[in-house]
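Visitor: File follows, model-v2.csv with CSV, C-alpha atoms:
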chain,number,residue,atom,x,y,z
A,1,MET,CA,18.4,29.0,-30.6
A,2,GLY,CA,16.8,26.4,-32.8
A,3,PHE,CA,17.1,22.8,-32.1
A,4,ALA,CA,19.7,21.0,-34.2
A,5,LEU,CA,19.7,17.2,-34.3
A,6,ASP,CA,23.0,15.6,-33.7
A,7,GLU,CA,24.5,14.5,-37.0
A,8,ARG,CA,25.2,11.0,-35.8
A,9,LEU,CA,21.5,10.5,-34.8
A,10,GLU,CA,20.5,12.0,-38.1
A,11,THR,CA,22.6,9.7,-40.2
A,12,SER,CA,21.8,6.6,-38.2
A,13,SER,CA,18.1,6.9,-38.0
A,14,HIS,CA,15.0,8.0,-40.0
A,15,LEU,CA,12.3,10.4,-38.7
A,16,ILE,CA,9.0,8.7,-38.2
A,17,THR,CA,7.1,11.6,-36.8
A,18,THR,CA,7.3,14.4,-34.2
A,19,THR,CA,4.9,14.3,-31.3
A,20,ASP,CA,4.7,16.8,-28.5
A,21,GLY,CA,8.2,18.2,-29.3
A,22,VAL,CA,9.8,14.8,-29.5
A,23,GLN,CA,11.3,13.3,-32.6
A,24,VAL,CA,10.4,9.6,-33.0
A,25,ARG,CA,13.0,8.0,-35.1
A,26,LEU,CA,13.7,4.5,-36.5
A,27,ALA,CA,17.2,3.3,-36.1
A,28,ASP,CA,18.8,2.1,-39.3
A,29,ASP,CA,19.4,-1.4,-38.3
A,30,ALA,CA,17.2,-4.2,-39.7
A,31,ARG,CA,18.4,-6.6,-36.9
A,32,PHE,CA,16.1,-4.9,-34.4
A,33,VAL,CA,12.9,-2.8,-34.2
A,34,TRP,CA,14.7,0.0,-32.5
A,35,ILE,CA,13.1,3.4,-31.9
A,36,VAL,CA,15.0,6.5,-30.7
A,37,LEU,CA,13.2,9.4,-29.1
A,38,VAL,CA,14.8,12.8,-29.2
A,39,PRO,CA,13.3,15.8,-27.5
A,40,GLU,CA,13.7,18.9,-29.7
A,41,GLN,CA,15.4,20.9,-27.1
A,42,ASP,CA,18.9,22.4,-27.2
A,43,GLY,CA,21.5,21.7,-24.6
A,44,VAL,CA,19.8,18.7,-23.1
A,45,SER,CA,21.9,15.7,-22.3
A,46,GLU,CA,20.5,14.0,-19.3
A,47,LEU,CA,17.0,13.0,-18.4
A,48,HIS,CA,17.2,15.3,-15.5
A,49,ASP,CA,18.1,18.2,-17.8
A,50,LEU,CA,14.4,18.2,-18.9
A,51,GLU,CA,11.7,20.0,-17.0
A,52,ALA,CA,9.7,17.4,-15.0
A,53,THR,CA,6.6,17.6,-17.2
A,54,ASP,CA,8.7,17.1,-20.3
A,55,ARG,CA,10.5,14.2,-18.8
A,56,VAL,CA,7.4,12.5,-17.7
A,57,ALA,CA,5.8,13.0,-21.1
A,58,LEU,CA,8.9,11.6,-22.8
A,59,LEU,CA,9.0,8.5,-20.6
A,60,ASP,CA,5.2,8.0,-21.1
A,61,LEU,CA,5.8,8.1,-24.8
A,62,ALA,CA,8.6,5.5,-24.4
A,63,THR,CA,6.3,3.4,-22.3
A,64,ASP,CA,3.4,3.6,-24.8
A,65,LEU,CA,5.7,2.6,-27.6
A,66,GLY,CA,7.0,-0.3,-25.5
A,67,VAL,CA,3.6,-1.7,-24.8
A,68,TRP,CA,2.7,-1.6,-28.5
A,69,MET,CA,6.0,-3.0,-29.7
A,70,LYS,CA,5.9,-5.9,-27.3
A,71,THR,CA,2.6,-7.1,-28.8
A,72,ARG,CA,3.1,-6.0,-32.4
A,73,PHE,CA,6.5,-7.6,-32.7
A,74,ALA,CA,6.0,-10.4,-30.2
A,75,ALA,CA,9.0,-9.2,-28.3
A,76,ASP,CA,10.4,-11.2,-25.4
A,77,LYS,CA,11.6,-8.0,-23.7
A,78,ILE,CA,11.5,-4.3,-24.2
A,79,ASN,CA,14.8,-2.4,-23.5
A,80,THR,CA,14.4,1.2,-22.6
A,81,ALA,CA,17.5,3.3,-22.0
A,82,ALA,CA,19.0,6.7,-21.9
A,83,ILE,CA,22.8,6.2,-22.3
A,84,GLY,CA,24.4,8.8,-24.5
A,85,ASN,CA,28.0,8.2,-23.8
A,86,VAL,CA,28.8,8.7,-27.5
A,87,VAL,CA,26.1,11.1,-28.5
A,88,ALA,CA,25.5,13.5,-25.7
A,89,GLN,CA,22.2,14.9,-27.1
A,90,LEU,CA,19.5,13.3,-25.0
A,91,HIS,CA,17.9,10.4,-26.7
A,92,VAL,CA,15.9,7.5,-25.3
A,93,HIS,CA,16.1,4.1,-26.9
A,94,VAL,CA,13.1,1.7,-27.0
A,95,VAL,CA,14.1,-1.6,-28.5
A,96,ALA,CA,12.0,-4.8,-29.1
A,97,ARG,CA,14.2,-7.7,-28.1
A,98,HIS,CA,13.8,-11.4,-29.0
A,99,LEU,CA,15.5,-14.5,-27.7
A,100,GLY,CA,18.2,-15.3,-30.1
A,101,ASP,CA,18.4,-11.9,-31.8
A,102,ALA,CA,21.7,-10.6,-33.0
A,103,ALA,CA,22.8,-9.4,-29.5
A,104,TRP,CA,20.7,-11.4,-27.1
A,105,PRO,CA,20.9,-11.3,-24.2
A,106,ALA,CA,23.4,-8.5,-24.2
A,107,PRO,CA,22.3,-4.9,-24.8
A,108,ILE,CA,22.4,-4.0,-28.5
A,109,TRP,CA,24.6,-0.9,-28.4
A,110,GLY,CA,27.9,-1.4,-30.0
A,111,VAL,CA,27.2,-5.0,-30.8
A,112,GLY,CA,28.1,-6.2,-34.3
A,113,THR,CA,27.3,-4.2,-37.5
A,114,PRO,CA,24.0,-2.6,-38.3
A,115,GLU,CA,22.2,-4.1,-41.2
A,116,GLU,CA,20.4,-2.0,-43.7
A,117,ARG,CA,16.6,-2.4,-43.8
A,118,PRO,CA,15.3,-2.6,-47.4
A,119,GLU,CA,13.6,0.7,-48.3
A,120,GLU,CA,10.2,-0.9,-48.8
A,121,SER,CA,10.3,-2.6,-45.4
A,122,ARG,CA,11.5,0.5,-43.7
A,123,SER,CA,8.8,2.6,-45.3
A,124,GLY,CA,6.1,0.1,-44.2
A,125,LEU,CA,7.5,0.1,-40.6
A,126,ILE,CA,7.7,3.9,-40.4
A,127,ALA,CA,4.1,4.2,-41.6
A,128,GLU,CA,2.9,1.6,-39.1
A,129,ILE,CA,4.6,3.3,-36.2
A,130,ALA,CA,3.4,6.7,-37.3
A,131,ASP,CA,-0.1,5.3,-37.5
A,132,PHE,CA,0.1,3.8,-34.1
A,133,LEU,CA,1.1,7.1,-32.6
A,134,LYS,CA,-1.5,9.1,-34.5
A,135,THR,CA,-4.2,6.7,-33.4
A,136,SER,CA,-3.1,6.4,-29.8
A,137,ARG,CA,-2.1,10.0,-29.1
A,138,GLY,CA,-4.6,11.8,-31.4
B,1,MET,CA,1.8,-13.2,-2.6
B,2,GLY,CA,4.9,-11.7,-1.1
B,3,PHE,CA,7.6,-10.1,-3.2
B,4,ALA,CA,10.6,-12.2,-3.7
B,5,LEU,CA,13.8,-10.6,-5.0
B,6,ASP,CA,15.4,-12.4,-7.9
B,7,GLU,CA,18.3,-14.4,-6.7
B,8,ARG,CA,20.8,-12.9,-9.2
B,9,LEU,CA,19.9,-9.4,-8.1
B,10,GLU,CA,20.2,-10.4,-4.5
B,11,THR,CA,23.7,-11.9,-4.9
B,12,SER,CA,25.0,-9.2,-7.2
B,13,SER,CA,24.0,-6.2,-5.2
B,14,HIS,CA,23.5,-4.8,-1.6
B,15,LEU,CA,20.3,-3.3,-0.3
B,16,ILE,CA,20.9,0.4,0.5
B,17,THR,CA,17.3,1.2,1.6
B,18,THR,CA,13.7,0.8,0.6
B,19,THR,CA,11.8,3.9,-0.4
B,20,ASP,CA,8.1,4.0,-1.5
B,21,GLY,CA,8.1,0.3,-2.2
B,22,VAL,CA,11.3,0.4,-4.2
B,23,GLN,CA,14.5,-1.4,-3.2
B,24,VAL,CA,17.5,0.9,-3.8
B,25,ARG,CA,20.5,-1.4,-4.2
B,26,LEU,CA,24.2,-0.9,-4.9
B,27,ALA,CA,25.7,-3.2,-7.5
B,28,ASP,CA,28.7,-5.2,-6.3
B,29,ASP,CA,31.1,-3.7,-8.8
B,30,ALA,CA,33.8,-1.3,-7.6
B,31,ARG,CA,34.5,-0.2,-11.2
B,32,PHE,CA,31.3,1.9,-11.2
B,33,VAL,CA,28.9,3.7,-8.9
B,34,TRP,CA,25.9,1.6,-10.1
B,35,ILE,CA,22.5,1.7,-8.4
B,36,VAL,CA,19.8,-0.8,-9.2
B,37,LEU,CA,16.1,0.1,-8.4
B,38,VAL,CA,13.7,-2.8,-7.9
B,39,PRO,CA,10.0,-2.2,-7.2
B,40,GLU,CA,8.8,-4.7,-4.6
B,41,GLN,CA,6.0,-6.0,-6.8
B,42,ASP,CA,5.5,-9.5,-8.0
B,43,GLY,CA,5.2,-10.4,-11.6
B,44,VAL,CA,6.5,-7.1,-13.0
B,45,SER,CA,9.0,-7.3,-15.8
B,46,GLU,CA,8.5,-4.3,-18.0
B,47,LEU,CA,8.2,-0.6,-17.1
B,48,HIS,CA,4.7,-0.8,-18.6
B,49,ASP,CA,3.7,-3.5,-16.2
B,50,LEU,CA,3.7,-0.9,-13.4
B,51,GLU,CA,0.7,1.2,-12.7
B,52,ALA,CA,1.3,4.7,-14.2
B,53,THR,CA,1.8,6.4,-10.7
B,54,ASP,CA,4.3,3.7,-9.7
B,55,ARG,CA,6.1,4.0,-12.9
B,56,VAL,CA,6.4,7.8,-12.7
B,57,ALA,CA,7.5,7.5,-9.1
B,58,LEU,CA,10.2,4.9,-10.0
B,59,LEU,CA,11.5,7.1,-12.8
B,60,ASP,CA,11.5,10.2,-10.6
B,61,LEU,CA,13.6,8.3,-8.1
B,62,ALA,CA,16.0,7.3,-10.9
B,63,THR,CA,16.2,10.9,-12.0
B,64,ASP,CA,16.8,12.2,-8.4
B,65,LEU,CA,19.6,9.7,-8.0
B,66,GLY,CA,21.0,10.7,-11.4
B,67,VAL,CA,21.1,14.3,-10.5
B,68,TRP,CA,22.9,13.7,-7.2
B,69,MET,CA,25.3,11.1,-8.6
B,70,LYS,CA,26.4,13.3,-11.5
B,71,THR,CA,27.5,16.0,-9.1
B,72,ARG,CA,28.7,13.8,-6.2
B,73,PHE,CA,30.8,11.5,-8.3
B,74,ALA,CA,31.7,14.2,-11.0
B,75,ALA,CA,30.2,11.9,-13.6
B,76,ASP,CA,30.5,12.7,-17.3
B,77,LYS,CA,27.2,10.9,-18.0
B,78,ILE,CA,24.4,9.2,-16.2
B,79,ASN,CA,23.2,6.0,-17.8
B,80,THR,CA,19.6,5.1,-17.0
B,81,ALA,CA,18.2,1.8,-18.3
B,82,ALA,CA,15.6,-0.9,-17.9
B,83,ILE,CA,17.0,-3.8,-19.9
B,84,GLY,CA,16.2,-7.1,-18.1
B,85,ASN,CA,17.1,-9.6,-20.8
B,86,VAL,CA,18.8,-11.9,-18.3
B,87,VAL,CA,16.9,-11.1,-15.1
B,88,ALA,CA,13.2,-10.6,-16.0
B,89,GLN,CA,12.2,-9.0,-12.7
B,90,LEU,CA,11.9,-5.3,-13.4
B,91,HIS,CA,15.0,-3.4,-12.3
B,92,VAL,CA,16.2,0.0,-13.4
B,93,HIS,CA,19.9,0.8,-13.6
B,94,VAL,CA,21.3,4.2,-12.8
B,95,VAL,CA,25.1,4.4,-13.4
B,96,ALA,CA,27.6,7.2,-13.0
B,97,ARG,CA,29.9,7.0,-16.0
B,98,HIS,CA,33.3,8.6,-16.5
B,99,LEU,CA,35.5,9.0,-19.6
B,100,GLY,CA,38.0,6.2,-19.5
B,101,ASP,CA,36.0,4.0,-17.0
B,102,ALA,CA,36.2,0.3,-17.4
B,103,ALA,CA,33.6,0.2,-20.2
B,104,TRP,CA,33.6,3.7,-21.6
B,105,PRO,CA,32.0,4.6,-24.0
B,106,ALA,CA,30.1,1.2,-24.2
B,107,PRO,CA,27.3,0.4,-21.8
B,108,ILE,CA,28.5,-1.4,-18.7
B,109,TRP,CA,26.4,-4.6,-18.9
B,110,GLY,CA,28.3,-7.7,-19.6
B,111,VAL,CA,31.6,-5.9,-20.0
B,112,GLY,CA,34.6,-7.4,-18.2
B,113,THR,CA,34.5,-8.8,-14.7
B,114,PRO,CA,33.0,-7.1,-11.7
B,115,GLU,CA,35.5,-6.0,-9.1
B,116,GLU,CA,34.8,-6.4,-5.4
B,117,ARG,CA,34.4,-3.2,-3.5
B,118,PRO,CA,36.2,-3.3,-0.1
B,119,GLU,CA,33.8,-3.6,2.7
B,120,GLU,CA,34.7,-0.3,4.3
B,121,SER,CA,34.3,1.6,1.0
B,122,ARG,CA,31.0,-0.2,0.3
B,123,SER,CA,29.6,0.6,3.7
B,124,GLY,CA,30.5,4.2,3.4
B,125,LEU,CA,29.0,4.5,-0.1
B,126,ILE,CA,25.8,2.8,1.1
B,127,ALA,CA,25.5,5.1,4.1
B,128,GLU,CA,26.0,8.1,1.9
B,129,ILE,CA,23.4,7.1,-0.7
B,130,ALA,CA,20.9,6.3,2.1
B,131,ASP,CA,21.6,9.6,3.7
B,132,PHE,CA,21.0,11.4,0.4
B,133,LEU,CA,17.7,9.6,-0.1
B,134,LYS,CA,16.6,10.3,3.5
B,135,THR,CA,17.4,13.9,3.3
B,136,SER,CA,15.9,14.5,-0.2
B,137,ARG,CA,12.8,12.4,0.2
B,138,GLY,CA,12.1,12.7,3.9
Could I get this structure in the form of structure tokens?
Guide:
Amino acid sequence: MGFALDERLETSSHLITTTDGVQVRLADDARFVWIVLVPEQDGVSELHDLEATDRVALLDLATDLGVWMKTRFAADKINTAAIGNVVAQLHVHVVARHLGDAAWPAPIWGVGTPEERPEESRSGLIAEIADFLKTSRG
Amino acid sequence: MGFALDERLETSSHLITTTDGVQVRLADDARFVWIVLVPEQDGVSELHDLEATDRVALLDLATDLGVWMKTRFAADKINTAAIGNVVAQLHVHVVARHLGDAAWPAPIWGVGTPEERPEESRSGLIAEIADFLKTSRG
């Protein structure tokens, strides 16, 4: 069986790159720098559904992104979460948060209305994140 | 420097046990089975502030609890998250979620008002979680 990305993840985020079997996606919401990691595996909903090595690799990737995002975007806090109450397909959020951002200090999920990121800004951000991953992970 | 638990974590949760330098705490909210993991380390706010071995161990602990909670409480989904926008001291939430629970399908943080768990029920739950950890982790 091939992996099929959940339609809601597909329509709410853009693929940045795929690394080690994990899709790195940028959520379509200009209010936040918000990355979503989706392992390309069928039938996986919980972190514990992954094999241990895949889980550690996924969370290492989330951590590496968090370190970089905190500096690059001068974030006050990184939020890392596997929730998935609406979309069951396993996905891990990594979000750069700032004092006074559109949801602060609440979690971002379900707060307000996503804002579209202009195409040029989105392309630049995607290129920058892809470049970070390429440089840092070879 | 000794570790000092953040006062808000202390007053909003009960210590279940400490395992491998991590406090396992039960959040005081009868609406959910909600565990909070707090590494007993000073000055740690982000997952990436931990040494890699400590971070992997912490997330393994969260995963082990998630597996058990999903079965034991017949959860529909486990939510695992490091947020910390209000309390900066690193803490990882592991929450058993159910369709129709008090926040479903939203994340639980900041939703509604915590409900007190009767002392007997709380003691029983704490004993059961402690027993699971003792049995599974030696």
Visitor: How would chain B read as an mmCIF file with C-alpha atoms, keeping the file's coordinate frame once least-squares superposed on chain A using all paired C-alpha atoms?
Guide:
data_model
loop_
_atom_site.group_PDB
_atom_site.id
_atom_site.type_symbol
_atom_site.label_atom_id
_atom_site.label_comp_id
_atom_site.auth_asym_id
_atom_site.auth_seq_id
_atom_site.Cartn_x
_atom_site.Cartn_y
_atom_site.Cartn_z
ATOM 1 C CA MET B 1 18.280 29.070 -30.640
ATOM 2 C CA GLY B 2 16.823 26.435 -32.885
ATOM 3 C CA PHE B 3 17.149 22.743 -32.158
ATOM 4 C CA ALA B 4 19.707 21.003 -34.181
ATOM 5 C CA LEU B 5 19.696 17.199 -34.328
ATOM 6 C CA ASP B 6 23.039 15.585 -33.671
ATOM 7 C CA GLU B 7 24.578 14.516 -36.886
ATOM 8 C CA ARG B 8 25.165 10.883 -35.787
ATOM 9 C CA LEU B 9 21.530 10.517 -34.828
ATOM 10 C CA GLU B 10 20.466 12.045 -38.081
ATOM 11 C CA THR B 11 22.571 9.672 -40.225
ATOM 12 C CA SER B 12 21.839 6.579 -38.183
ATOM 13 C CA SER B 13 18.110 6.847 -38.036
ATOM 14 C CA HIS B 14 14.925 7.992 -39.964
ATOM 15 C CA LEU B 15 12.391 10.455 -38.661
ATOM 16 C CA ILE B 16 9.036 8.659 -38.210
ATOM 17 C CA THR B 17 7.109 11.678 -36.802
ATOM 18 C CA THR B 18 7.300 14.434 -34.255
ATOM 19 C CA THR B 19 4.937 14.280 -31.320
ATOM 20 C CA ASP B 20 4.752 16.864 -28.457
ATOM 21 C CA GLY B 21 8.167 18.205 -29.307
ATOM 22 C CA VAL B 22 9.765 14.789 -29.485
ATOM 23 C CA GLN B 23 11.305 13.314 -32.636
ATOM 24 C CA VAL B 24 10.305 9.632 -32.943
ATOM 25 C CA ARG B 25 12.973 8.015 -35.115
ATOM 26 C CA LEU B 26 13.635 4.501 -36.395
ATOM 27 C CA ALA B 27 17.207 3.296 -36.097
ATOM 28 C CA ASP B 28 18.766 2.146 -39.367
ATOM 29 C CA ASP B 29 19.334 -1.405 -38.213
ATOM 30 C CA ALA B 30 17.225 -4.213 -39.681
ATOM 31 C CA ARG B 31 18.395 -6.605 -36.929
ATOM 32 C CA PHE B 32 16.069 -4.886 -34.421
ATOM 33 C CA VAL B 33 12.900 -2.838 -34.194
ATOM 34 C CA TRP B 34 14.707 0.086 -32.453
ATOM 35 C CA ILE B 35 13.069 3.468 -31.866
ATOM 36 C CA VAL B 36 15.045 6.468 -30.738
ATOM 37 C CA LEU B 37 13.179 9.414 -29.012
ATOM 38 C CA VAL B 38 14.839 12.826 -29.177
ATOM 39 C CA PRO B 39 13.273 15.864 -27.487
ATOM 40 C CA GLU B 40 13.697 18.900 -29.735
ATOM 41 C CA GLN B 41 15.424 20.942 -27.049
ATOM 42 C CA ASP B 42 18.851 22.420 -27.177
ATOM 43 C CA GLY B 43 21.474 21.715 -24.632
ATOM 44 C CA VAL B 44 19.765 18.698 -23.046
ATOM 45 C CA SER B 45 21.909 15.689 -22.353
ATOM 46 C CA GLU B 46 20.539 13.982 -19.304
ATOM 47 C CA LEU B 47 16.960 12.962 -18.443
ATOM 48 C CA HIS B 48 17.275 15.363 -15.498
ATOM 49 C CA ASP B 49 18.009 18.247 -17.777
ATOM 50 C CA LEU B 50 14.365 18.165 -18.923
ATOM 51 C CA GLU B 51 11.700 19.979 -17.052
ATOM 52 C CA ALA B 52 9.748 17.413 -14.938
ATOM 53 C CA THR B 53 6.559 17.571 -17.217
ATOM 54 C CA ASP B 54 8.706 17.059 -20.327
ATOM 55 C CA ARG B 55 10.524 14.260 -18.768
ATOM 56 C CA VAL B 56 7.354 12.444 -17.665
ATOM 57 C CA ALA B 57 5.865 13.011 -21.089
ATOM 58 C CA LEU B 58 8.992 11.585 -22.834
ATOM 59 C CA LEU B 59 8.941 8.522 -20.600
ATOM 60 C CA ASP B 60 5.210 8.000 -21.106
ATOM 61 C CA LEU B 61 5.816 8.030 -24.835
ATOM 62 C CA ALA B 62 8.598 5.449 -24.386
ATOM 63 C CA THR B 63 6.274 3.317 -22.322
ATOM 64 C CA ASP B 64 3.378 3.603 -24.880
ATOM 65 C CA LEU B 65 5.741 2.535 -27.623
ATOM 66 C CA GLY B 66 7.017 -0.313 -25.437
ATOM 67 C CA VAL B 67 3.595 -1.618 -24.829
ATOM 68 C CA TRP B 68 2.647 -1.607 -28.516
ATOM 69 C CA MET B 69 5.987 -2.973 -29.721
ATOM 70 C CA LYS B 70 5.952 -5.909 -27.304
ATOM 71 C CA THR B 71 2.648 -7.086 -28.703
ATOM 72 C CA ARG B 72 3.116 -6.039 -32.361
ATOM 73 C CA PHE B 73 6.531 -7.550 -32.764
ATOM 74 C CA ALA B 74 5.940 -10.463 -30.204
ATOM 75 C CA ALA B 75 8.948 -9.205 -28.288
ATOM 76 C CA ASP B 76 10.343 -11.175 -25.358
ATOM 77 C CA LYS B 77 11.578 -7.948 -23.721
ATOM 78 C CA ILE B 78 11.476 -4.243 -24.204
ATOM 79 C CA ASN B 79 14.740 -2.469 -23.541
ATOM 80 C CA THR B 80 14.371 1.174 -22.540
ATOM 81 C CA ALA B 81 17.517 3.267 -22.033
ATOM 82 C CA ALA B 82 19.029 6.719 -21.940
ATOM 83 C CA ILE B 83 22.751 6.080 -22.265
ATOM 84 C CA GLY B 84 24.339 8.835 -24.423
ATOM 85 C CA ASN B 85 28.017 8.172 -23.801
ATOM 86 C CA VAL B 86 28.876 8.703 -27.463
ATOM 87 C CA VAL B 87 26.136 11.109 -28.557
ATOM 88 C CA ALA B 88 25.516 13.595 -25.697
ATOM 89 C CA GLN B 89 22.235 14.952 -27.053
ATOM 90 C CA LEU B 90 19.518 13.337 -24.984
ATOM 91 C CA HIS B 91 17.948 10.379 -26.778
ATOM 92 C CA VAL B 92 15.976 7.513 -25.327
ATOM 93 C CA HIS B 93 16.123 4.055 -26.872
ATOM 94 C CA VAL B 94 13.164 1.732 -26.964
ATOM 95 C CA VAL B 95 14.038 -1.698 -28.485
ATOM 96 C CA ALA B 96 11.994 -4.813 -29.092
ATOM 97 C CA ARG B 97 14.208 -7.732 -28.140
ATOM 98 C CA HIS B 98 13.804 -11.402 -28.999
ATOM 99 C CA LEU B 99 15.561 -14.536 -27.695
ATOM 100 C CA GLY B 100 18.275 -15.339 -30.162
ATOM 101 C CA ASP B 101 18.357 -11.814 -31.792
ATOM 102 C CA ALA B 102 21.648 -10.526 -32.977
ATOM 103 C CA ALA B 103 22.751 -9.391 -29.497
ATOM 104 C CA TRP B 104 20.633 -11.427 -27.136
ATOM 105 C CA PRO B 105 20.888 -11.397 -24.125
ATOM 106 C CA ALA B 106 23.429 -8.441 -24.217
ATOM 107 C CA PRO B 107 22.265 -4.902 -24.818
ATOM 108 C CA ILE B 108 22.296 -3.953 -28.477
ATOM 109 C CA TRP B 109 24.636 -0.919 -28.387
ATOM 110 C CA GLY B 110 27.916 -1.398 -30.038
ATOM 111 C CA VAL B 111 27.274 -5.035 -30.844
ATOM 112 C CA GLY B 112 28.099 -6.178 -34.380
ATOM 113 C CA THR B 113 27.342 -4.187 -37.491
ATOM 114 C CA PRO B 114 24.046 -2.573 -38.314
ATOM 115 C CA GLU B 115 22.211 -4.133 -41.216
ATOM 116 C CA GLU B 116 20.413 -2.008 -43.782
ATOM 117 C CA ARG B 117 16.686 -2.356 -43.809
ATOM 118 C CA PRO B 118 15.273 -2.524 -47.385
ATOM 119 C CA GLU B 119 13.558 0.619 -48.317
ATOM 120 C CA GLU B 120 10.155 -0.952 -48.781
ATOM 121 C CA SER B 121 10.300 -2.675 -45.365
ATOM 122 C CA ARG B 122 11.535 0.552 -43.728
ATOM 123 C CA SER B 123 8.781 2.622 -45.243
ATOM 124 C CA GLY B 124 6.157 0.213 -44.160
ATOM 125 C CA LEU B 125 7.517 0.011 -40.596
ATOM 126 C CA ILE B 126 7.663 3.821 -40.410
ATOM 127 C CA ALA B 127 4.101 4.189 -41.657
ATOM 128 C CA GLU B 128 2.919 1.661 -39.147
ATOM 129 C CA ILE B 129 4.653 3.260 -36.154
ATOM 130 C CA ALA B 130 3.330 6.702 -37.219
ATOM 131 C CA ASP B 131 -0.111 5.295 -37.575
ATOM 132 C CA PHE B 132 0.079 3.779 -34.089
ATOM 133 C CA LEU B 133 1.206 7.081 -32.603
ATOM 134 C CA LYS B 134 -1.517 9.022 -34.468
ATOM 135 C CA THR B 135 -4.214 6.733 -33.406
ATOM 136 C CA SER B 136 -3.101 6.401 -29.730
ATOM 137 C CA ARG B 137 -2.176 10.004 -29.144
ATOM 138 C CA GLY B 138 -4.549 11.827 -31.449
#
Visitor: I need the contact residues of chain B against chain A, so if you could list those with any atom within 10 Å, counting all atoms listed in the file, and return them as a PyMOL selection string, that would help.
Guide: chain B and resi 45-49+52+55-57+59-60+62-67+70+76-88+92-95+97-99+104-111
Visitor: Give me the residues near Arg137 in chain A as a ChimeraX atom specification, where near means some atom within 10 Å (using only C-alpha atoms) and where sequence neighbours in that chain fewer than 6 positions away do not count.
Guide: /A:19-20,61,64,131
Visitor: Quote the spacing between CA of Arg31 in chain A and CA of Ala102 in chain A in Å to one decimal place.
Guide: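 Computing it gives 6.5 Å between the two atoms.
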Visitor: Could you work out how far CA of Thr113 in chain A lies from CA of Thr18 in chain A, giving the answer in Å with one decimal?
Guide: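 CA of Thr113 in chain A lies at a distance of 27.5 Å from CA of Thr18 in chain A.
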Visitor: For the structure just given, write the atoms of range 42-76 of chain A, namely C-alpha atoms, as a compact mmCIF listing (two decimals), in the first residue's frame.
Guide:
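What ended up in out22.txt:
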# COMPACT_ATOMS: atom_id res chain seq x y z
CA ASP A 42 0.19 4.15 6.19
CA GLY A 43 -2.01 3.49 9.18
CA VAL A 44 0.05 5.43 11.69
CA SER A 45 -1.89 7.66 14.05
CA GLU A 46 -0.03 7.76 17.36
CA LEU A 47 3.65 8.38 18.06
CA HIS A 48 3.71 4.90 19.52
CA ASP A 49 2.47 3.41 16.23
CA LEU A 50 5.91 4.13 14.78
CA GLU A 51 8.85 1.79 15.19
CA ALA A 52 11.15 3.14 17.89
CA THR A 53 13.89 4.12 15.47
CA ASP A 54 11.45 6.00 13.26
CA ARG A 55 9.93 7.72 16.26
CA VAL A 56 13.27 8.87 17.60
CA ALA A 57 14.27 10.10 14.13
CA LEU A 58 11.00 12.00 13.76
CA LEU A 59 11.36 13.68 17.14
CA ASP A 60 15.02 14.45 16.43
CA LEU A 61 13.90 16.17 13.25
CA ALA A 62 11.30 18.14 15.22
CA THR A 63 13.99 19.10 17.71
CA ASP A 64 16.47 20.19 15.04
CA LEU A 65 13.81 22.34 13.44
CA GLY A 66 12.88 23.79 16.82
CA VAL A 67 16.45 24.83 17.59
CA TRP A 68 16.80 26.51 14.24
CA MET A 69 13.37 28.18 14.28
CA LYS A 70 13.91 29.59 17.75
CA THR A 71 17.00 31.47 16.59
CA ARG A 72 16.00 32.27 13.03
CA PHE A 73 12.61 33.68 13.96
CA ALA A 74 13.62 34.99 17.37
CA ALA A 75 10.86 32.88 18.88
CA ASP A 76 9.97 33.17 22.54
